[in-house]
$ cat start_19.txt   # compact mmCIF, C-alpha atoms and all ligand atoms
# COMPACT_ATOMS: atom_id res chain seq x y z
CA MET A 476 37.85 3.95 -0.34
CA SER A 477 35.35 4.60 -3.10
CA VAL A 478 32.51 6.88 -4.09
CA LYS A 479 29.17 5.07 -4.26
CA THR A 480 25.94 5.93 -6.05
CA ILE A 481 23.48 7.86 -3.88
CA LEU A 482 19.89 6.63 -4.12
CA THR A 483 17.24 9.26 -4.79
CA GLU A 484 13.56 9.53 -3.98
CA PRO A 485 11.35 7.84 -5.09
CA ASN A 486 13.12 4.59 -4.14
CA ILE A 487 11.57 2.07 -1.73
CA LEU A 488 14.99 1.32 -0.21
CA LEU A 489 15.01 4.84 1.26
CA ARG A 490 11.83 3.90 3.15
CA GLN A 491 13.37 0.82 4.77
CA VAL A 492 14.10 0.77 8.52
CA SER A 493 17.84 0.09 8.93
CA GLU A 494 19.17 -2.68 11.16
CA SER A 495 21.37 -2.27 14.24
CA VAL A 496 25.04 -3.16 13.89
CA GLU A 497 26.12 -5.99 16.20
CA LYS A 498 29.83 -5.32 16.12
CA VAL A 499 31.91 -2.53 14.60
CA GLY A 500 34.43 -4.51 12.56
CA ASP A 501 36.53 -4.07 9.43
CA GLU A 502 33.50 -4.47 7.16
CA GLU A 503 31.71 -1.64 8.95
CA ARG A 504 34.84 0.55 8.87
CA LYS A 505 35.21 -0.05 5.12
CA LEU A 506 31.56 0.98 4.69
CA MET A 507 32.14 4.14 6.79
CA ASP A 508 35.20 5.03 4.65
CA ASP A 509 33.16 4.65 1.45
CA MET A 510 30.28 6.65 2.95
CA LEU A 511 32.65 9.49 3.87
CA ASP A 512 34.17 9.54 0.36
CA THR A 513 30.68 9.58 -1.13
CA MET A 514 29.56 12.38 1.20
CA TYR A 515 32.59 14.59 0.48
CA ALA A 516 32.28 13.98 -3.26
CA ALA A 517 28.58 14.91 -3.33
CA PRO A 518 29.25 17.27 -1.44
CA GLY A 519 27.14 16.94 1.70
CA ILE A 520 27.46 17.36 5.47
CA GLY A 521 25.97 13.99 6.38
CA LEU A 522 25.13 10.59 4.92
CA ALA A 523 23.24 7.54 6.16
CA ALA A 524 24.21 4.04 4.93
CA ILE A 525 20.78 3.46 3.39
CA GLN A 526 21.47 6.36 1.00
CA ILE A 527 23.98 4.08 -0.71
CA GLY A 528 21.63 1.12 -0.35
CA ILE A 529 22.99 -0.48 2.83
CA PRO A 530 20.30 -0.84 5.53
CA LYS A 531 22.64 -0.57 8.53
CA ARG A 532 22.31 1.97 11.35
CA ILE A 533 25.44 3.92 10.42
CA ILE A 534 25.82 7.64 9.68
CA VAL A 535 28.79 9.83 8.83
CA MET A 536 28.91 13.60 9.16
CA ASP A 537 31.20 16.58 8.78
CA THR A 538 29.66 19.93 9.65
CA SER A 539 32.95 21.85 9.85
CA ARG A 540 32.70 25.23 8.17
CA ASP A 541 36.18 25.26 6.69
CA LYS A 542 36.31 22.89 3.72
CA ASN A 543 40.08 22.52 4.13
CA ILE A 544 39.72 21.16 7.65
CA LYS A 545 38.14 17.73 7.73
CA GLU A 546 36.29 16.78 10.90
CA PRO A 547 34.66 13.45 10.04
CA MET A 548 32.28 11.91 12.55
CA TYR A 549 31.13 8.29 12.51
CA LEU A 550 28.00 7.26 14.41
CA VAL A 551 26.97 3.61 14.67
CA ASN A 552 23.59 2.68 16.25
CA PRO A 553 22.88 6.32 17.21
CA VAL A 554 20.09 6.81 19.77
CA ILE A 555 18.72 10.18 20.85
CA LYS A 556 18.73 10.22 24.66
CA ASN A 557 17.47 13.72 25.17
CA LYS A 558 16.19 16.58 23.10
CA ASN A 559 15.29 20.14 23.81
CA SER A 560 11.69 21.36 23.68
CA GLU A 561 13.08 24.53 22.15
CA LYS A 562 12.92 24.39 18.36
CA THR A 563 15.11 25.76 15.61
CA THR A 564 14.56 26.05 11.87
CA TYR A 565 17.08 25.29 9.13
CA GLU A 566 16.71 25.23 5.40
CA GLU A 567 17.28 21.51 4.83
CA GLY A 568 18.38 19.68 1.76
CA CYS A 569 19.03 16.00 1.19
CA LEU A 570 21.34 14.21 -1.23
CA SER A 571 18.50 11.74 -1.80
CA VAL A 572 16.09 14.59 -2.65
CA PRO A 573 18.31 16.50 -5.09
CA ASP A 574 17.89 20.24 -5.66
CA GLN A 575 14.98 20.57 -3.23
CA PHE A 576 15.13 22.67 -0.06
CA ALA A 577 12.67 23.48 2.70
CA GLU A 578 12.59 25.08 6.14
CA ILE A 579 12.21 22.32 8.73
CA GLU A 580 11.68 22.83 12.46
CA ARG A 581 13.42 20.47 14.91
CA PRO A 582 14.59 20.47 18.55
CA ASN A 583 17.62 22.79 18.73
CA MET A 584 19.63 20.49 21.01
CA CYS A 585 19.96 16.74 21.26
CA GLU A 586 22.05 14.25 23.16
CA VAL A 587 22.98 11.17 21.19
CA ALA A 588 24.55 7.89 22.32
CA TYR A 589 26.42 5.89 19.68
CA LEU A 590 29.42 3.69 18.90
CA ASP A 591 32.35 5.39 17.20
CA TYR A 592 34.68 4.21 14.38
CA LEU A 593 36.44 1.84 16.80
CA GLY A 594 33.22 0.60 18.39
CA ASN A 595 33.66 2.58 21.60
CA LYS A 596 30.57 4.01 23.34
CA GLN A 597 30.20 7.77 23.06
CA LEU A 598 27.72 10.39 24.22
CA LEU A 599 27.50 13.67 22.33
CA LYS A 600 25.57 16.81 23.12
CA ALA A 601 24.88 18.73 19.92
CA ASN A 602 23.20 21.97 19.00
CA GLY A 603 22.78 24.18 15.95
CA LEU A 604 23.43 22.66 12.53
CA LEU A 605 25.03 19.53 14.03
CA ALA A 606 21.86 18.78 16.06
CA THR A 607 19.71 19.26 12.95
CA CYS A 608 22.03 17.07 10.87
CA ILE A 609 22.02 14.25 13.46
CA GLN A 610 18.22 14.25 13.54
CA HIS A 611 18.01 14.35 9.73
CA GLU A 612 20.38 11.35 9.51
CA ILE A 613 18.63 9.34 12.24
CA ASP A 614 15.38 9.92 10.33
CA HIS A 615 17.02 8.15 7.34
CA LEU A 616 17.60 5.10 9.58
CA GLU A 617 13.82 5.01 10.13
CA GLY A 618 13.00 5.49 6.44
CA ILE A 619 11.97 9.12 6.97
CA LEU A 620 12.90 11.98 4.61
CA PHE A 621 12.62 15.72 5.38
CA ILE A 622 9.88 16.09 2.76
CA ASP A 623 7.66 13.92 5.00
CA TYR A 624 7.32 16.97 7.29
CA LEU A 625 5.90 19.14 4.49
CA SER A 626 2.25 19.46 3.51
CA LYS A 627 0.90 16.66 1.31
CA LEU A 628 0.74 19.09 -1.62
CA LYS A 629 4.35 20.32 -1.30
CA LYS A 630 5.60 16.75 -0.81
CA SER A 631 3.75 15.38 -3.83
CA MET A 632 4.97 18.26 -6.00
CA ILE A 633 8.58 17.47 -5.07
CA ILE A 634 8.17 13.72 -5.70
CA LYS A 635 6.54 14.46 -9.05
CA LYS A 636 9.47 16.68 -10.05
CA LEU A 637 12.01 14.05 -8.96
CA SER A 638 10.18 11.28 -10.82
CA LYS A 639 10.51 13.26 -14.06
CA THR A 640 14.26 13.70 -13.65
CA LYS A 641 16.72 10.88 -14.04
CA TYR A 642 19.41 11.32 -11.43
CA ASN A 643 22.50 9.29 -12.11
CA ARG A 644 25.68 9.81 -10.20
CA ILE A 645 28.68 8.35 -11.94
CA VAL A 646 30.54 5.79 -9.83
CA VAL A 647 34.27 6.33 -10.20
O1 LIG A 701 24.25 17.88 2.89
C1 LIG A 701 23.25 17.99 3.60
N1 LIG A 701 22.93 19.20 4.11
C2 LIG A 701 21.95 19.40 5.07
C3 LIG A 701 21.54 20.72 5.32
C4 LIG A 701 20.58 20.97 6.27
C5 LIG A 701 20.04 19.93 6.99
C6 LIG A 701 20.43 18.62 6.75
C7 LIG A 701 21.38 18.37 5.80
S1 LIG A 701 21.90 16.73 5.52
C8 LIG A 701 22.40 16.80 3.86
C9 LIG A 701 23.03 15.51 3.43
C10 LIG A 701 22.04 14.38 3.51
O2 LIG A 701 21.16 14.20 2.73
N2 LIG A 701 22.15 13.58 4.54
O3 LIG A 701 21.27 12.58 4.72
NI NI A 702 19.43 13.24 3.76
$ encode --input "start_19.txt" --output "structure tokens"
Amino acid sequence: MSVKTILTEPNILLRQVSESVEKVGDEERKLMDDMLDTMYAAPGIGLAAIQIGIPKRIIVMDTSRDKNIKEPMYLVNPVIKNKNSEKTTYEEGCLSVPDQFAEIERPNMCEVAYLDYLGNKQLLKANGLLATCIQHEIDHLEGILFIDYLSKLKKSMIIKKLSKTKYNRIVV
């Protein structure tokens, strides 16, 4: 279990489309453990493998409100099967877009099929913050960041700011 460096925009790796996982084995579980450590250390409520430079379709999440109660979720090859036409807005942030926040509108409910930590098939119906987080993380697997939904001007201002700042997370 170790905390990895989180890549920040602008970085072409974050724009890569991640590859499906063929089998959930020990290597994938080790990656999920490291991703969870990295996410908790950040701290964040979700993390996609590409954020630590691994282009695999794996995300981890924990949207539990109580910091003392850990409710880790592991989603391998997640696919959205259904989403609501009703929209909801959250102020989103991203560990790969440090210190920047914006209101983003997304479907308020989604059903997602995925493989869990043991490689078993699961179907999850999510709403609220969890639904938003799942969609934010699946976007990462397609090389999409939340700033892509902003106007060209807002997006370029954020990228300009990030380019001026050197973000280095210390790997312990
Ligand atoms: O920690 C995070 N918080 C968050 C808040 C609102 C909507 C999405 C997120 S995900 C983010 C962590 C992250 O960057 N995951 O990719
Ligand atoms: Ni993110």
$ residues_near_ligand --input "start_19.txt" --ligand "ligand LIG 701 (chain A)" --cutoff "7 Å" --atoms "all atoms listed in the file" --output "list in words"
Pro518, Gly519, Ile520, Gly521, Leu522, Ala523, Tyr565, Glu566, Glu567, Gly568, Cys569, Leu570, Ser571, Thr607, Cys608, His611, Glu612 and His615 of chain A
$ residues_around --input "start_19.txt" --residues "Leu598 (chain A)" --least-positions-apart "2" --cutoff "8 Å" --atoms "all atoms listed in the file" --output "list in words"
Glu586, Val587, Ala588, Tyr589, Lys596 and Lys600 of chain A
$ residues_around --input "start_19.txt" --residues "Lys545 (chain A)" --least-positions-apart "6" --cutoff "12 Å" --atoms "only C-alpha atoms" --output "list in words"
Leu511, Asp512, Tyr515, Ile520, Met536, Asp537, Thr538 and Ser539 of chain A
$ atom_distance --input "start_19.txt" --atom1 "CA of Val492 (chain A)" --atom2 "CA of Lys558 (chain A)"
21.6 Å
$ closest_residue --input "start_19.txt" --among "A:Phe576, A:Phe621, A:Tyr549, A:Tyr592" --to "ligand NI 702 (chain A)" --atoms "only C-alpha atoms and all ligand atoms"
A:Phe621
$ closest_residue --input "start_19.txt" --among "A:Asn595, A:Ile525, A:Lys641, A:Pro582" --to "ligand NI 702 (chain A)" --atoms "all atoms listed in the file"
A:Ile525
$ atom_distance --input "start_19.txt" --atom1 "CA of Gln575 (chain A)" --atom2 "CA of Lys639 (chain A)"
13.8 Å
